[in-house]
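Reviewing the structure listed below.
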Amino acid sequence: MLKKVIGLNLDDLLLYLSVEAGVFLLTQIIIGAVMAISKPMDGILISGIILPIIAGLLALLAGVTHVTVTFDQALRFGQTRHRALGLTVGVMGVETAFALALAALLSVVERYLGPPVWAWLAGRGHWVVDYPGDLGELEDCLVLNSFNLNWWWYPVILLIGLGVGLIGGALIQRFGTKGAWVLWSVWMAACFIPQLLGGEVFAIGDWNQAMIGASAVLGIGCLIWSLWSLLHAVVKE
């Protein structure tokens with residue numbers, strides 16, 4: 001049954017592919033243009049940060065859609081709430097894993113294929129990535145600094161995407177447009193509160209244990225509520 005549901009949602013995988021590949025190509029074109037025009041001595045590898053974050057956001061948005069559409073459709077076709085929830089979470093998990101795997105693959109492509117092309121465009125004879133020594137020692141060399149998320153961020157993004165997708169979808173599934181307005185308000189608060197309280201307010205490295213603990217408790221509480229809400233969902237006609 002899960003394979004059939006995944007097959008019905010293959011267009012989601014095409015969406016992930018098109019968006020992530022588009023961002024990847026745009027990034028490479030911009031960096032390549034800078035290399036060709038400015039002829040700098042250094043550059044950056046940034047797909048390892050940008051693409052996993054984009055994959056997580058896409059999976060989150062798709063997760064909300066799956067809860068409000070796939071879950072409800074499963075109920076209408078006679079599936080139990082437990083079964084419908086299991087199918088929905090399964091589809092969300094597979095799609096999120098695909099999005100993150102694609103992000104990792106494109107990051108590897110940039111790591112190994114980008115530097116020689118950029119060095120050639122910048123007119124450098126060779127290149128080096130994350131050189132630990134004195135840059136003054138290098139001649140005719142393009143120095144590239146890589147920015148990547150640690151490996152453990154990938155399962156974290158997967159879990160966050162699944163959790164927030166379930167919470168957002170449950171809000172809309174139960175409260176309709178009111179739930180959508182709640183999500184919009186939370187998003188606006190996340191965008192503007194850092195500007196009012198200082199740009200580092202959401203920097204995870206600056207959080208103390210109390211803030212981390214409170215956020216974890218709030219997130220777990222919201223997730224538990226969303227699961228309860230979906231397992232007691234009303235089938236809408």
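Residues are referred to by chain and number: the chain letter is A, B, ... according to the order shown in the structure tokens, the number counts from 1 in that chain, and ligands are numbered separately from 1 in the order shown.
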Query raised in the report: What's the 12 Å shell around Tyr112 of chain A, counting only C-alpha atoms, without same-chain residues fewer than 2 positions away, as a ChimeraX atom specification?
Result: /A:45,105-110,114-118,127-129,144,146
Please, could you write that set of residues out with N, CA, C and O atoms as a PDB file, in the first residue's frame?
ATOM      1  N   LEU A  45      32.716  26.833  -1.224  1.00  0.00           N
ATOM      2  CA  LEU A  45      31.838  25.713  -1.549  1.00  0.00           C
ATOM      3  C   LEU A  45      30.680  25.765  -0.563  1.00  0.00           C
ATOM      4  O   LEU A  45      30.871  25.542   0.630  1.00  0.00           O
ATOM      5  N   LEU A 105      24.206  14.436  -2.548  1.00  0.00           N
ATOM      6  CA  LEU A 105      24.826  14.091  -3.830  1.00  0.00           C
ATOM      7  C   LEU A 105      25.299  15.330  -4.574  1.00  0.00           C
ATOM      8  O   LEU A 105      26.425  15.373  -5.091  1.00  0.00           O
ATOM      9  N   LEU A 106      24.454  16.347  -4.643  1.00  0.00           N
ATOM     10  CA  LEU A 106      24.841  17.580  -5.341  1.00  0.00           C
ATOM     11  C   LEU A 106      25.985  18.287  -4.625  1.00  0.00           C
ATOM     12  O   LEU A 106      26.833  18.922  -5.279  1.00  0.00           O
ATOM     13  N   SER A 107      26.049  18.169  -3.314  1.00  0.00           N
ATOM     14  CA  SER A 107      27.164  18.759  -2.561  1.00  0.00           C
ATOM     15  C   SER A 107      28.477  18.069  -2.916  1.00  0.00           C
ATOM     16  O   SER A 107      29.521  18.718  -3.051  1.00  0.00           O
ATOM     17  N   VAL A 108      28.420  16.748  -3.084  1.00  0.00           N
ATOM     18  CA  VAL A 108      29.616  15.997  -3.480  1.00  0.00           C
ATOM     19  C   VAL A 108      30.031  16.381  -4.902  1.00  0.00           C
ATOM     20  O   VAL A 108      31.221  16.532  -5.201  1.00  0.00           O
ATOM     21  N   VAL A 109      29.044  16.549  -5.783  1.00  0.00           N
ATOM     22  CA  VAL A 109      29.342  16.964  -7.154  1.00  0.00           C
ATOM     23  C   VAL A 109      30.063  18.309  -7.152  1.00  0.00           C
ATOM     24  O   VAL A 109      31.060  18.497  -7.861  1.00  0.00           O
ATOM     25  N   GLU A 110      29.577  19.259  -6.353  1.00  0.00           N
ATOM     26  CA  GLU A 110      30.240  20.551  -6.275  1.00  0.00           C
ATOM     27  C   GLU A 110      31.650  20.406  -5.731  1.00  0.00           C
ATOM     28  O   GLU A 110      32.588  21.047  -6.227  1.00  0.00           O
ATOM     29  N   GLY A 114      33.414  21.237  -9.077  1.00  0.00           N
ATOM     30  CA  GLY A 114      33.452  22.695  -9.093  1.00  0.00           C
ATOM     31  C   GLY A 114      34.854  23.289  -9.078  1.00  0.00           C
ATOM     32  O   GLY A 114      35.176  24.155  -9.919  1.00  0.00           O
ATOM     33  N   PRO A 115      35.739  22.871  -8.169  1.00  0.00           N
ATOM     34  CA  PRO A 115      37.058  23.504  -8.059  1.00  0.00           C
ATOM     35  C   PRO A 115      37.880  23.546  -9.332  1.00  0.00           C
ATOM     36  O   PRO A 115      38.437  24.614  -9.662  1.00  0.00           O
ATOM     37  N   PRO A 116      37.998  22.460 -10.114  1.00  0.00           N
ATOM     38  CA  PRO A 116      38.809  22.583 -11.333  1.00  0.00           C
ATOM     39  C   PRO A 116      38.225  23.560 -12.345  1.00  0.00           C
ATOM     40  O   PRO A 116      38.974  24.275 -13.023  1.00  0.00           O
ATOM     41  N   VAL A 117      36.885  23.604 -12.422  1.00  0.00           N
ATOM     42  CA  VAL A 117      36.258  24.545 -13.351  1.00  0.00           C
ATOM     43  C   VAL A 117      36.477  25.973 -12.885  1.00  0.00           C
ATOM     44  O   VAL A 117      36.833  26.866 -13.681  1.00  0.00           O
ATOM     45  N   TRP A 118      36.297  26.219 -11.606  1.00  0.00           N
ATOM     46  CA  TRP A 118      36.478  27.570 -11.077  1.00  0.00           C
ATOM     47  C   TRP A 118      37.933  28.022 -11.180  1.00  0.00           C
ATOM     48  O   TRP A 118      38.204  29.186 -11.456  1.00  0.00           O
ATOM     49  N   TRP A 127      44.328  24.274  -7.558  1.00  0.00           N
ATOM     50  CA  TRP A 127      43.417  24.695  -6.487  1.00  0.00           C
ATOM     51  C   TRP A 127      43.666  23.857  -5.247  1.00  0.00           C
ATOM     52  O   TRP A 127      44.272  22.786  -5.303  1.00  0.00           O
ATOM     53  N   VAL A 128      43.165  24.358  -4.136  1.00  0.00           N
ATOM     54  CA  VAL A 128      43.255  23.632  -2.876  1.00  0.00           C
ATOM     55  C   VAL A 128      42.018  23.961  -2.050  1.00  0.00           C
ATOM     56  O   VAL A 128      41.508  25.083  -2.105  1.00  0.00           O
ATOM     57  N   VAL A 129      41.520  22.986  -1.311  1.00  0.00           N
ATOM     58  CA  VAL A 129      40.314  23.155  -0.503  1.00  0.00           C
ATOM     59  C   VAL A 129      40.693  23.124   0.977  1.00  0.00           C
ATOM     60  O   VAL A 129      41.393  22.217   1.431  1.00  0.00           O
ATOM     61  N   LEU A 144      39.930  27.409  -1.852  1.00  0.00           N
ATOM     62  CA  LEU A 144      38.491  27.266  -1.653  1.00  0.00           C
ATOM     63  C   LEU A 144      38.194  26.865  -0.214  1.00  0.00           C
ATOM     64  O   LEU A 144      38.813  25.949   0.329  1.00  0.00           O
ATOM     65  N   SER A 146      35.362  25.373   2.266  1.00  0.00           N
ATOM     66  CA  SER A 146      34.128  24.591   2.187  1.00  0.00           C
ATOM     67  C   SER A 146      33.273  24.817   3.422  1.00  0.00           C
ATOM     68  O   SER A 146      33.781  24.878   4.548  1.00  0.00           O
TER      69      SER A 146
END
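For segment 27-112 of chain A, the set of residues given strand (DSSP E or B) by DSSP on the backbone reads Asp42, Gly43, Ile44 and Leu45 of chain A.
Distances from A:Arg83, A:Ala214, A:Pro52, A:Val67 to Trp152 of chain A were compared using only C-alpha atoms, and the smallest one belongs to A:Pro52.
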Requested in this report: Can you check which residues of segment 9-84 of chain A DSSP gives as helix (DSSP H, G or I) on the backbone and send them as a ChimeraX atom specification?
Outcome: /A:10-38,47-76,81-84
Requested in this report: Tell me which protein, DNA and RNA residues are within 12 Å of Asp12 of chain A, counting only C-alpha atoms, leaving out same-chain ones fewer than 2 positions away, and put them as a VMD selection string.
Outcome: chain A and resid 5 to 10 14 to 19 55 58 to 59 61 to 63 65 to 66 91 to 92 94 to 96 98 to 99
Requested in this report: In Å, rounded to a single decimal, give me how far atom CA of Ser215 of chain A is from atom CA of Gly163 of chain A.
Outcome: 13.2 Å
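Within 12 Å of Trp153 of chain A, once only C-alpha atoms are used and residues closer than 5 positions along the same chain are dropped, the contacting residues are Gly48, Ile49, Pro52, Ile53, Gly56, Leu100, Ala104, Asn148, Leu158, Leu159, Ile160 and Gly161 of chain A.
With atom CA of Ala97 of chain A on one side and atom CA of Leu51 of chain A on the other, the separation reads 13.1 Å.
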Requested in this report: For segment 177-189 of chain A, please output as a ChimeraX atom specification all residues within 8 Å (counting only C-alpha atoms; exclusion window: fewer than 5 positions along the same chain).
Outcome: /A:168,171-172
